[in-house]
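Asker: Pasting a structure here, questions to come.
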Amino acid sequence: MAKKIYLEDKAKAYLRRVFKCSNVMVWKALTFESDSKLARKIRFVALKELGGVPNWKPEDIETTHEEAEKTMTQTFGDRVKLVASKRDTSVLVYVDGKIKRRENCESIPEFIALQNEVQCMAMSL
């Protein structure tokens with residue numbers, strides 16, 4: 001079964017308006033027919049903000065602790081990785097081996113929110 005994000009028509013209309021794109025572009029993004037930067041943004045917003053329902057199980061999250069480096073690493077599938085320092089509050093998010101984001105998570109709720117966002121990002125790729 002091909003990956004797809006299910007979304008209400010009202011939410012699809014919102015995506016068309018916000019991203020100034022056609023119905024076809026929204027359809028291509030939600031059915032993974034397109035992998036453009038715009039399509040990834042549409043999928044991210046659909047999953048994160050509009051309550052989109054994926055027809056697949058999210059990638060398992062694997063967590064490892066590297067004691068020598070004093071880091072915790074979480075992988076979200078093959079492409080996305082989150083690395084949190086145990087020395088300070090810095091967190092790096094990697095996509096395809098390149099740093100895409102740097103954050104300072106001062107509290108556990110901040111870190112959990114970042115984890116949820118990274119998982120949505122991984123699902124939208």
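Every chain in the structure tokens takes a letter, A first, then B, and so on in the order presented; its residues are numbered from 1, and the ligands are numbered from 1 following the presented order.
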With the cut-off set at 12 Å and counting only C-alpha atoms, tabulate each residue of stretch 14-84 of chain A with an atom at most that distance from an atom of stretch 101-111 of chain A, showing the nearest atom pair and its distance in Å to one decimal, ordered by chain and increasing number, as a tab-separated table.
Answerer:
```
residue	atom	partner	partner_atom	distance
A:Val80	CA	A:Arg101	CA	11.3
A:Lys81	CA	A:Arg101	CA	10.8
A:Leu82	CA	A:Arg101	CA	9.4
A:Val83	CA	A:Arg102	CA	9.8
A:Ala84	CA	A:Cys105	CA	9.0
```
Asker: Among stretch 9-118 of chain A, which residues does DSSP mark as strand (DSSP E or B) when it is run on the backbone? Keep the chain and numbering as in the structure and answer as a PyMOL selection string.
Answerer: chain A and resi 53-54+61-66+71-76+80-85+90-95+98-104
Asker: Quick one: write out the picked residues with N, CA, C and O atoms as a short mmCIF file (atom, residue, chain, number, x, y, z; two decimals), in the first residue's frame?
Answerer:
```cif
data_model
loop_
_atom_site.label_atom_id
_atom_site.label_comp_id
_atom_site.auth_asym_id
_atom_site.auth_seq_id
_atom_site.Cartn_x
_atom_site.Cartn_y
_atom_site.Cartn_z
N VAL A 53 -4.06 12.12 9.08
CA VAL A 53 -3.93 10.74 9.56
C VAL A 53 -3.13 9.94 8.54
O VAL A 53 -3.59 9.77 7.40
N PRO A 54 -1.95 9.47 8.91
CA PRO A 54 -1.17 8.66 7.97
C PRO A 54 -1.74 7.25 7.86
O PRO A 54 -2.30 6.73 8.81
N ILE A 61 11.25 4.48 16.70
CA ILE A 61 12.29 5.37 17.20
C ILE A 61 13.27 4.51 17.99
O ILE A 61 12.87 3.76 18.88
N GLU A 62 14.53 4.61 17.62
CA GLU A 62 15.56 3.88 18.34
C GLU A 62 16.40 4.87 19.13
O GLU A 62 16.84 5.88 18.59
N THR A 63 16.59 4.58 20.41
CA THR A 63 17.36 5.48 21.27
C THR A 63 18.61 4.77 21.76
O THR A 63 18.54 3.64 22.24
N THR A 64 19.76 5.46 21.63
CA THR A 64 21.02 4.93 22.15
C THR A 64 21.68 6.01 22.99
O THR A 64 21.49 7.21 22.75
N HIS A 65 22.44 5.59 23.97
CA HIS A 65 23.19 6.51 24.83
C HIS A 65 24.67 6.25 24.63
O HIS A 65 25.13 5.12 24.84
N GLU A 66 25.39 7.27 24.22
CA GLU A 66 26.83 7.17 24.02
C GLU A 66 27.50 7.80 25.24
O GLU A 66 27.54 9.03 25.35
N THR A 71 26.26 11.79 24.94
CA THR A 71 25.11 12.16 24.11
C THR A 71 24.06 11.07 24.14
O THR A 71 24.33 9.92 24.50
N MET A 72 22.86 11.46 23.75
CA MET A 72 21.77 10.52 23.51
C MET A 72 21.36 10.72 22.06
O MET A 72 21.16 11.85 21.62
N THR A 73 21.23 9.64 21.31
CA THR A 73 20.86 9.72 19.91
C THR A 73 19.56 8.97 19.69
O THR A 73 19.39 7.84 20.15
N GLN A 74 18.63 9.62 18.98
CA GLN A 74 17.39 8.97 18.59
C GLN A 74 17.30 9.00 17.08
O GLN A 74 17.48 10.05 16.46
N THR A 75 17.05 7.83 16.49
CA THR A 75 16.89 7.76 15.05
C THR A 75 15.42 7.54 14.73
O THR A 75 14.73 6.77 15.40
N PHE A 76 14.96 8.26 13.72
CA PHE A 76 13.58 8.19 13.24
C PHE A 76 13.64 7.68 11.81
O PHE A 76 13.74 8.47 10.88
N VAL A 80 16.44 10.53 9.51
CA VAL A 80 16.37 11.59 10.52
C VAL A 80 16.95 11.11 11.84
O VAL A 80 16.66 10.00 12.30
N LYS A 81 17.77 11.99 12.45
CA LYS A 81 18.42 11.65 13.72
C LYS A 81 18.43 12.89 14.60
O LYS A 81 18.67 14.00 14.14
N LEU A 82 18.18 12.68 15.88
CA LEU A 82 18.22 13.74 16.89
C LEU A 82 19.34 13.39 17.87
O LEU A 82 19.37 12.25 18.37
N VAL A 83 20.25 14.32 18.12
CA VAL A 83 21.37 14.07 19.03
C VAL A 83 21.32 15.13 20.14
O VAL A 83 21.45 16.32 19.87
N ALA A 84 21.14 14.66 21.38
CA ALA A 84 21.06 15.56 22.54
C ALA A 84 22.32 15.40 23.39
O ALA A 84 22.74 14.28 23.69
N SER A 85 22.90 16.53 23.74
CA SER A 85 24.09 16.52 24.59
C SER A 85 23.68 16.33 26.04
O SER A 85 22.70 16.93 26.51
N SER A 90 22.00 21.49 24.50
CA SER A 90 22.00 21.55 23.03
C SER A 90 21.47 20.26 22.42
O SER A 90 21.74 19.16 22.91
N VAL A 91 20.70 20.44 21.34
CA VAL A 91 20.15 19.31 20.59
C VAL A 91 20.34 19.61 19.11
O VAL A 91 20.04 20.72 18.66
N LEU A 92 20.84 18.64 18.38
CA LEU A 92 21.02 18.77 16.93
C LEU A 92 20.07 17.82 16.23
O LEU A 92 19.88 16.69 16.66
N VAL A 93 19.49 18.28 15.12
CA VAL A 93 18.63 17.45 14.30
C VAL A 93 19.31 17.29 12.94
O VAL A 93 19.63 18.28 12.29
N TYR A 94 19.52 16.04 12.55
CA TYR A 94 20.17 15.72 11.28
C TYR A 94 19.15 15.13 10.33
O TYR A 94 18.32 14.31 10.73
N VAL A 95 19.21 15.53 9.07
CA VAL A 95 18.44 14.90 8.00
C VAL A 95 19.43 14.52 6.92
O VAL A 95 20.19 15.37 6.44
N LYS A 98 23.08 15.65 7.47
CA LYS A 98 23.42 17.07 7.55
C LYS A 98 22.61 17.72 8.66
O LYS A 98 21.43 17.44 8.84
N ILE A 99 23.25 18.63 9.40
CA ILE A 99 22.55 19.34 10.47
C ILE A 99 21.50 20.25 9.85
O ILE A 99 21.81 21.11 9.02
N LYS A 100 20.26 20.06 10.25
CA LYS A 100 19.16 20.88 9.76
C LYS A 100 18.64 21.85 10.81
O LYS A 100 17.96 22.82 10.49
N ARG A 101 18.96 21.56 12.07
CA ARG A 101 18.41 22.40 13.13
C ARG A 101 19.25 22.27 14.39
O ARG A 101 19.75 21.19 14.69
N ARG A 102 19.40 23.38 15.10
CA ARG A 102 20.07 23.41 16.40
C ARG A 102 19.09 24.02 17.40
O ARG A 102 18.52 25.07 17.12
N GLU A 103 18.94 23.39 18.53
CA GLU A 103 18.01 23.87 19.56
C GLU A 103 18.68 23.78 20.92
O GLU A 103 19.60 22.99 21.13
N ASN A 104 18.17 24.56 21.84
CA ASN A 104 18.52 24.43 23.26
C ASN A 104 17.23 24.11 23.99
O ASN A 104 16.33 24.94 24.06
#
```
Asker: Which residue gives the smallest distance to A:Lys4 among A:Lys57, A:Lys70, A:Arg16, A:Lys48, with only C-alpha atoms counted?
Answerer: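 Selected residue with least distance to A:Lys4: A:Lys57.
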Asker: If DSSP is run on the backbone, what residues of chain A are helix (DSSP H, G or I)? A reply as a ChimeraX atom specification would be ideal.
Answerer: /A:9-19,23-30,37-48,108-124
